[in-house]
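*Asks:* Structure below; questions to follow.
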Amino acid sequence: MQTLDPHTVDRDVTAALDLVLHDVLRQRIDESLAIEGTFAADIARRVAGFTAGGHRRRARLLWWAMRAVGGDGDEADAALRAAAAVELVQTCALIHDDVMDGSRTRRGEPAVHVALDRQYGAEGSTRPLAGFGGSAAVLAGDLALAWADDVFAEALLRTPHSAGLGAQWRAMRTEMVAGQYLDLHAQMTGSRSRGLALRTAVLKTACYSAVHPLLLGARLAGAGEGPVGELRRAGLCAGIAFQLENDLQGVFGDPARTGKPAGEDLREGKATYLMAVGRALCVRRGDTAGLRMLETVVGSPAATDADLCRVRDLLDGHGARAHVTARVDGLCARAVGALRRTDLVPGPAEQLERLLLDACGRTPAEVGSRAAAEDPGPGEPERRSSAAVTGGVR
């Protein structure tokens with residue numbers, strides 16, 4: 001097996017990953033064609049096409065974490081394959097998420113379940129799981145997850161540091177599902193808990209989108225528990241910040257940038273931290289009319305654009321938007337502080353910092369001075385667990 005030059009990959013990680021994904025997906029499509037042509041055309045090719053898009057943020061985090069702890073040519077091929085597997089998990093998550101949410105667009109294009117319904121003239125169901133497209137999209141997501149497991153197993157065969165990687169992979173998949181279920185459960189039960197909203201954010205987004213990609217990359221290079229612990233802290237803080245910023249964008253964001261209709265999270269009744277803060281501030285102000293509006297508009301598919309505008313004005317005017325924005329800023333500073341406390345290779349460490357902050361709409365220049373204040377200095381006990389980190393977000 002030829003050893004990859006990691007310095008060549010460094011120059012364009014996305015291009016290197018795309019080459020690996022191209023080979024992986026072509027092989028899987030060929031295997032699917034050998035099984036059944038219609039399945040290959042409708043499902044396998046859609047999974048491959050969906051996986052060809054996206055920001056590759058998780059995959060790049062994995063690569064730069066491997067490089068930041070000193071990983072070199074021996075780990076390069078395994079890291080790219082593990083990154084490809086992470087991209088396939090993301091495909092599964094997004095396809096299933098769109099079905100469960102009834103989202104009609106993804107990345108500015110029809111969601112997979114919508115495209116399948118249109119192909120066969122089956123549009124019209126208001127409950128995606130009740131129709132052909134939704135059911136077929138569930139199978140597409142399942143196929144993406146099966147391919148992800150296969151590719152990750154291949155990656156394990158290409159690294160001398162396989163110990164602990166299997167457990168990390170299993171934790172990532174299970175926590176992702178647990179977080180998705182908590183999200184559904186909160187909507188079903190009408191939860192108003194800020195604590196539960198944060199716990200959901202940790203499991204559904206923070207661990208899956210940041211912590212596990214970082215730790216997979218670090219463990220692929222045989223990193224010790226010291227760097228692994230700080231990377232875990234950095235990923236947890238940045239991952240929560242990413243979800244909170246995503247919640248803000250779901251309400252206040254530009255559809256041209258988010259790729260989803262404005263106010264979709266409000267119509268779906270997402271039990272986000274932003275909404276929990278908004279309700280708490282209404283209670284604090286004694287604003288019963290505001291509470292009544294939140295109860296009637298949020299979660300109502302029939303909510304008009306004017307209704308959504310009033311909710312945005314309330315969240316903005318009562319300070320919920322500013323509160324969550326400040327939490328994002330603080331968490332980003334903690335993430336950067338954790339990275340800067342760690343003995344990492346300078347160039348890759350800077351790449352990690354930029355990637356984590358970019359996901360939250362921040363830059364190193366904006367966060368740098370505050371990050372220095374987050375450094376606890378020498379002698380702080382090693383007891384800042386995930387509970388302690390999230391405890392700062394109230």
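Each chain in the structure tokens gets a letter, A, B, ..., in the order shown, and its residues are numbered from 1; ligands are numbered from 1 in order too.
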Name the residues in contact with Glu350 (chain A) at a cut-off of 12 Å, using only C-alpha atoms, excluding same-chain residues fewer than 3 positions from it; report them as a list in words.
*Replies:*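 Counting only C-alpha atoms, the residues come to Leu61, Trp64, Ala65, Arg67, Ala68, Val336, Leu339, Arg340, Thr342, Leu344, Val345, Pro346, Gly347, Glu353, Arg354, Leu355, Leu356, Leu357, Thr363, Pro364, Ala365 and Gly368 of chain A.
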*Asks:* Since we have the selection now, will you write its residues out, keeping C-alpha atoms, as a PDB file, in the first residue's frame?
*Replies:*
ATOM      1  CA  LEU A  61     -11.735  18.474  11.674  1.00  0.00           C
ATOM      2  CA  TRP A  64      -6.450  18.456  11.109  1.00  0.00           C
ATOM      3  CA  ALA A  65      -6.804  16.866  14.560  1.00  0.00           C
ATOM      4  CA  ARG A  67      -2.110  16.387  11.952  1.00  0.00           C
ATOM      5  CA  ALA A  68      -2.239  18.653  15.020  1.00  0.00           C
ATOM      6  CA  VAL A 336     -10.048  28.392  21.534  1.00  0.00           C
ATOM      7  CA  LEU A 339      -6.825  24.439  21.907  1.00  0.00           C
ATOM      8  CA  ARG A 340      -4.210  26.978  22.933  1.00  0.00           C
ATOM      9  CA  THR A 342      -2.692  22.000  24.243  1.00  0.00           C
ATOM     10  CA  LEU A 344      -0.293  20.939  19.196  1.00  0.00           C
ATOM     11  CA  VAL A 345       1.611  21.347  15.931  1.00  0.00           C
ATOM     12  CA  PRO A 346       1.214  25.097  15.198  1.00  0.00           C
ATOM     13  CA  GLY A 347      -0.019  25.107  11.566  1.00  0.00           C
ATOM     14  CA  GLU A 353      -9.177  26.900  15.399  1.00  0.00           C
ATOM     15  CA  ARG A 354     -10.411  28.454  12.166  1.00  0.00           C
ATOM     16  CA  LEU A 355     -12.632  25.486  11.357  1.00  0.00           C
ATOM     17  CA  LEU A 356     -14.285  25.383  14.773  1.00  0.00           C
ATOM     18  CA  LEU A 357     -14.935  29.119  14.790  1.00  0.00           C
ATOM     19  CA  THR A 363     -13.133  34.396  13.414  1.00  0.00           C
ATOM     20  CA  PRO A 364      -9.957  33.942  15.504  1.00  0.00           C
ATOM     21  CA  ALA A 365      -9.498  37.723  15.561  1.00  0.00           C
ATOM     22  CA  GLY A 368      -8.695  35.726  20.450  1.00  0.00           C
TER      23      GLY A 368
END
*Asks:* What's the 8 Å shell around Arg219 (chain A), counting only C-alpha atoms, without same-chain residues fewer than 2 positions away, as a compact mmCIF listing (two decimals) with all heavy atoms, in the first residue's frame?
*Replies:*
# COMPACT_ATOMS: atom_id res chain seq x y z
N MET A 66 -5.77 14.94 13.49
CA MET A 66 -4.71 13.95 13.29
C MET A 66 -3.37 14.64 13.07
O MET A 66 -2.35 14.28 13.68
CB MET A 66 -5.06 13.06 12.10
CG MET A 66 -4.07 11.93 11.81
SD MET A 66 -2.66 12.41 10.76
CE MET A 66 -3.47 12.65 9.17
N HIS A 161 -2.98 2.29 15.11
CA HIS A 161 -3.55 2.84 16.34
C HIS A 161 -5.05 2.57 16.40
O HIS A 161 -5.84 3.48 16.67
CB HIS A 161 -3.28 4.35 16.40
CG HIS A 161 -1.85 4.72 16.28
ND1 HIS A 161 -0.90 4.35 17.21
CD2 HIS A 161 -1.18 5.43 15.33
CE1 HIS A 161 0.29 4.81 16.84
NE2 HIS A 161 0.15 5.47 15.70
N SER A 162 -5.45 1.35 16.15
CA SER A 162 -6.88 1.05 16.09
C SER A 162 -7.53 0.94 17.47
O SER A 162 -8.75 1.02 17.59
CB SER A 162 -7.11 -0.25 15.31
OG SER A 162 -6.42 -1.32 15.91
N GLY A 164 -9.31 1.67 20.67
CA GLY A 164 -10.16 2.77 21.10
C GLY A 164 -10.96 3.41 19.99
O GLY A 164 -11.94 4.12 20.26
N LEU A 165 -10.57 3.18 18.73
CA LEU A 165 -11.28 3.83 17.63
C LEU A 165 -12.68 3.26 17.44
O LEU A 165 -13.63 3.98 17.13
CB LEU A 165 -10.47 3.71 16.34
CG LEU A 165 -9.28 4.66 16.22
CD1 LEU A 165 -8.39 4.26 15.05
CD2 LEU A 165 -9.76 6.09 16.04
N LEU A 215 -11.66 13.64 18.11
CA LEU A 215 -11.06 12.52 18.85
C LEU A 215 -10.71 11.36 17.93
O LEU A 215 -9.71 10.67 18.15
CB LEU A 215 -11.99 12.07 19.97
CG LEU A 215 -12.31 13.12 21.03
CD1 LEU A 215 -12.95 12.48 22.25
CD2 LEU A 215 -11.09 13.90 21.45
N LEU A 216 -11.52 11.14 16.91
CA LEU A 216 -11.16 10.10 15.94
C LEU A 216 -9.83 10.45 15.27
O LEU A 216 -8.96 9.59 15.12
CB LEU A 216 -12.26 9.96 14.89
CG LEU A 216 -13.54 9.23 15.33
CD1 LEU A 216 -14.64 9.43 14.29
CD2 LEU A 216 -13.28 7.75 15.55
N GLY A 217 -9.68 11.70 14.87
CA GLY A 217 -8.42 12.11 14.25
C GLY A 217 -7.24 11.97 15.19
O GLY A 217 -6.18 11.47 14.80
N ALA A 221 -3.83 9.04 15.26
CA ALA A 221 -2.40 9.34 15.33
C ALA A 221 -1.77 8.85 16.63
O ALA A 221 -0.61 9.15 16.90
CB ALA A 221 -2.18 10.84 15.18
N GLY A 222 -2.53 8.13 17.44
CA GLY A 222 -1.99 7.58 18.68
C GLY A 222 -1.78 8.62 19.77
O GLY A 222 -0.88 8.47 20.61
N ALA A 223 -2.61 9.69 19.81
CA ALA A 223 -2.45 10.75 20.80
C ALA A 223 -2.71 10.24 22.20
O ALA A 223 -3.53 9.34 22.42
CB ALA A 223 -3.39 11.91 20.48
N GLY A 224 -2.05 10.84 23.18
CA GLY A 224 -2.26 10.50 24.57
C GLY A 224 -3.50 11.15 25.15
O GLY A 224 -4.15 11.99 24.50
N VAL A 228 -6.02 14.51 24.02
CA VAL A 228 -7.39 14.05 23.76
C VAL A 228 -8.38 14.79 24.66
O VAL A 228 -9.46 15.22 24.23
CB VAL A 228 -7.50 12.53 23.94
CG1 VAL A 228 -8.96 12.09 24.04
CG2 VAL A 228 -6.84 11.81 22.76
*Asks:* At most 7 Å is the cut-off: for each residue in region 88-194 of chain A with any atom that close to an atom of region 40-56 of chain A, write down the nearest atom pair and the distance in Å rounded to one decimal, counting only C-alpha atoms, chain first then increasing number, as JSON lines.
*Replies:*
{"residue": "A:Leu88", "atom": "CA", "partner": "A:Thr51", "partner_atom": "CA", "distance": 6.4}
{"residue": "A:Thr91", "atom": "CA", "partner": "A:Thr51", "partner_atom": "CA", "distance": 5.8}
{"residue": "A:Ala140", "atom": "CA", "partner": "A:Ile43", "partner_atom": "CA", "distance": 5.5}
{"residue": "A:Ala144", "atom": "CA", "partner": "A:Val47", "partner_atom": "CA", "distance": 6.3}
*Asks:* Which residue, A:Arg28, A:Arg321, A:His96, A:Arg106, has the smallest gap to Met176 (chain A) when you use only C-alpha atoms?
*Replies:*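 Looking only at the distances to Met176 (chain A), the closest residue turns out to be A:His96.
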